[in-house]
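To start, the structure itself, in structure tokens.
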Amino acid sequence: MPLQQTCPCGSGTPYDACCGRLHRGADRARTAEELMRSRYAAYAVGDLDYVFRTWHPRTRPEDLSPEPGLTWTGLTVVDSGADWVEFVATFESHGRPGEMHERSRFEQRAGRWVYVDGVVS
Ligand SMILES: [Zn+2]
């Protein structure tokens with residue numbers, strides 16, 4: 001995606017200065033919420049490699065492939081703590097809007113935040 005375009009995570013900052021720098025490995029997420037935002041943005045820009053890399057090896061799927069016809073359209077962080085984030089992500093699937101409400105859990109492994117799992121409600 002164009003580097004100067006506003007980041008899909010909703011920060012209002014250009015992509016490259018926001019989650020883009022995490023996606024290309026120039027920096028790492030300092031908090032669970034920052035990691036969560038960058039993972040959402042990775043889904044939005046189609047960087048599934050980053051999604052995979054930031055998923056706990058114990059819980060991550062063997063293969064991540066894009067869902068055809070699905071576009072992520074927005075993220076709202078509802079609440080967050082040291083190792084969890086509750087959010088609503090909106091999407092369009094084959095032209096129809098939808099939303100996903102999840103409370104995700106994160107862990108630090110060797111100083112890096114990783115996604116463990118989430119409860120969808
Ligand atoms: Zn961002």
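Convention: chains lettered A, B, ... in structure tokens order; per-chain residue numbering from 1; ligands numbered from 1 as shown.
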
>> Give me, as a PyMOL selection string, all polymer residues having an atom no more than 7 Å from region 10-26 of chain A, counting only C-alpha atoms and skipping those fewer than 2 positions away in the same chain.
In response: chain A and resi 3-8+28-29+38+41+50+74-75

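We find CA of Met100 (chain A) and CA of Pro68 (chain A) to be spaced 17.0 Å apart.
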
>> What's around Arg103 (chain A) at 7 Å? Count only C-alpha atoms, leave out sequence neighbours fewer than 4 positions away in its own chain, and write the answer as an MDAnalysis selection string.
In response: chainID A and resid 84:87 118:120

> Hey, what does DSSP flag as alpha helix (DSSP H) within chain A? Can you give it to me as a PyMOL selection string?
Replying inline: chain A and resi 19-23+32-45+48-53

Would you return as a compact mmCIF listing (two decimals) with N, CA and C atoms, in the first residue's frame the members of region 40-114 of chain A that DSSP assigns to strand (DSSP E) on this structure's backbone?
```txt
# COMPACT_ATOMS: atom_id res chain seq x y z
N LEU A 70 -12.96 -10.63 0.96
CA LEU A 70 -13.03 -9.96 2.27
C LEU A 70 -12.10 -8.75 2.31
N THR A 71 -12.65 -7.60 2.72
CA THR A 71 -11.86 -6.38 2.87
C THR A 71 -12.09 -5.83 4.27
N TRP A 72 -11.01 -5.54 4.98
CA TRP A 72 -11.14 -4.94 6.31
C TRP A 72 -11.32 -3.45 6.17
N THR A 73 -12.30 -2.89 6.88
CA THR A 73 -12.65 -1.48 6.65
C THR A 73 -12.46 -0.58 7.86
N GLY A 74 -12.18 -1.14 9.04
CA GLY A 74 -11.98 -0.24 10.18
C GLY A 74 -11.74 -0.99 11.47
N LEU A 75 -11.07 -0.29 12.41
CA LEU A 75 -10.76 -0.89 13.70
C LEU A 75 -11.09 0.09 14.82
N THR A 76 -11.77 -0.41 15.85
CA THR A 76 -12.00 0.37 17.05
C THR A 76 -11.53 -0.45 18.25
N VAL A 77 -10.57 0.08 18.99
CA VAL A 77 -10.15 -0.59 20.22
C VAL A 77 -11.11 -0.16 21.32
N VAL A 78 -11.80 -1.13 21.91
CA VAL A 78 -12.81 -0.84 22.93
C VAL A 78 -12.16 -0.66 24.29
N ASP A 79 -11.23 -1.55 24.62
CA ASP A 79 -10.57 -1.51 25.92
C ASP A 79 -9.31 -2.36 25.83
N SER A 80 -8.36 -2.11 26.72
CA SER A 80 -7.17 -2.95 26.69
C SER A 80 -6.49 -2.97 28.05
N TRP A 84 -4.05 -7.95 27.07
CA TRP A 84 -5.27 -8.24 26.32
C TRP A 84 -5.80 -6.97 25.67
N VAL A 85 -6.57 -7.16 24.60
CA VAL A 85 -7.18 -6.05 23.88
C VAL A 85 -8.56 -6.48 23.42
N GLU A 86 -9.53 -5.63 23.69
CA GLU A 86 -10.88 -5.87 23.18
C GLU A 86 -11.12 -4.88 22.06
N PHE A 87 -11.60 -5.37 20.92
CA PHE A 87 -11.75 -4.50 19.75
C PHE A 87 -12.94 -4.91 18.89
N VAL A 88 -13.33 -3.99 18.05
CA VAL A 88 -14.32 -4.28 17.02
C VAL A 88 -13.66 -3.97 15.67
N ALA A 89 -13.62 -4.96 14.80
CA ALA A 89 -13.07 -4.77 13.46
C ALA A 89 -14.22 -4.88 12.47
N THR A 90 -14.30 -3.92 11.56
CA THR A 90 -15.36 -3.98 10.56
C THR A 90 -14.79 -4.44 9.23
N PHE A 91 -15.65 -5.07 8.44
CA PHE A 91 -15.19 -5.61 7.15
C PHE A 91 -16.34 -5.61 6.15
N GLU A 92 -15.97 -5.85 4.94
CA GLU A 92 -16.96 -6.09 3.90
C GLU A 92 -16.64 -7.43 3.28
N SER A 93 -17.65 -8.29 3.24
CA SER A 93 -17.46 -9.59 2.65
C SER A 93 -18.37 -9.69 1.43
N ARG A 96 -20.89 -7.01 1.37
CA ARG A 96 -21.79 -6.84 2.51
C ARG A 96 -21.02 -6.53 3.78
N PRO A 97 -21.44 -5.47 4.52
CA PRO A 97 -20.70 -5.08 5.72
C PRO A 97 -20.93 -6.05 6.88
N GLY A 98 -19.92 -6.18 7.71
CA GLY A 98 -20.03 -7.00 8.90
C GLY A 98 -19.06 -6.49 9.95
N GLU A 99 -19.14 -7.04 11.15
CA GLU A 99 -18.15 -6.68 12.14
C GLU A 99 -17.81 -7.86 13.03
N MET A 100 -16.61 -7.80 13.60
CA MET A 100 -16.13 -8.84 14.47
C MET A 100 -15.72 -8.20 15.79
N HIS A 101 -16.25 -8.73 16.89
CA HIS A 101 -15.95 -8.23 18.22
C HIS A 101 -15.13 -9.30 18.93
N GLU A 102 -13.91 -8.97 19.29
CA GLU A 102 -13.04 -9.99 19.88
C GLU A 102 -12.27 -9.43 21.06
N ARG A 103 -12.03 -10.32 22.03
CA ARG A 103 -11.10 -10.01 23.11
C ARG A 103 -9.90 -10.94 22.93
N SER A 104 -8.77 -10.34 22.59
CA SER A 104 -7.57 -11.12 22.27
C SER A 104 -6.61 -11.14 23.44
N ARG A 105 -5.87 -12.25 23.54
CA ARG A 105 -4.84 -12.37 24.57
C ARG A 105 -3.45 -12.41 23.92
N PHE A 106 -2.51 -11.81 24.60
CA PHE A 106 -1.15 -11.71 24.08
C PHE A 106 -0.15 -12.14 25.14
N GLU A 107 1.02 -12.55 24.67
CA GLU A 107 2.09 -12.95 25.57
C GLU A 107 3.39 -12.39 25.04
N GLN A 108 4.35 -12.20 25.95
CA GLN A 108 5.67 -11.81 25.50
C GLN A 108 6.55 -13.04 25.43
N ARG A 109 7.20 -13.19 24.28
CA ARG A 109 8.15 -14.30 24.09
C ARG A 109 9.47 -13.70 23.67
N ARG A 112 9.31 -10.16 22.73
CA ARG A 112 8.41 -9.73 21.66
C ARG A 112 6.98 -10.13 21.97
N TRP A 113 6.08 -9.20 21.71
CA TRP A 113 4.67 -9.52 21.90
C TRP A 113 4.19 -10.45 20.79
N VAL A 114 3.42 -11.47 21.18
CA VAL A 114 2.77 -12.34 20.20
C VAL A 114 1.30 -12.54 20.60
```

>> Calculated over only C-alpha atoms and all ligand atoms, which of the candidates A:Arg39, A:Arg30, A:His94, A:Arg60 has the smallest distance to ligand 1?
In response: A:Arg39

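Among the candidate residues A:Pro2, A:Tyr40, A:Thr31, A:Tyr115, the one lying nearest to ligand 1 is A:Tyr40, with distances computed using only C-alpha atoms and all ligand atoms.
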
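When only C-alpha atoms and all ligand atoms are used to compute distances to ligand 1, the closest of the residues A:Pro61, A:Met36, A:Glu67, A:Gly95 turns out to be A:Met36.
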
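Across A:Tyr43, A:Ser121, A:Asp63, A:Asp83, the tightest approach to ligand 1 is made by A:Tyr43 when counting only C-alpha atoms and all ligand atoms.
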
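CA of Asp27 (chain A) sits 24.8 Å away from CA of Pro66 (chain A).
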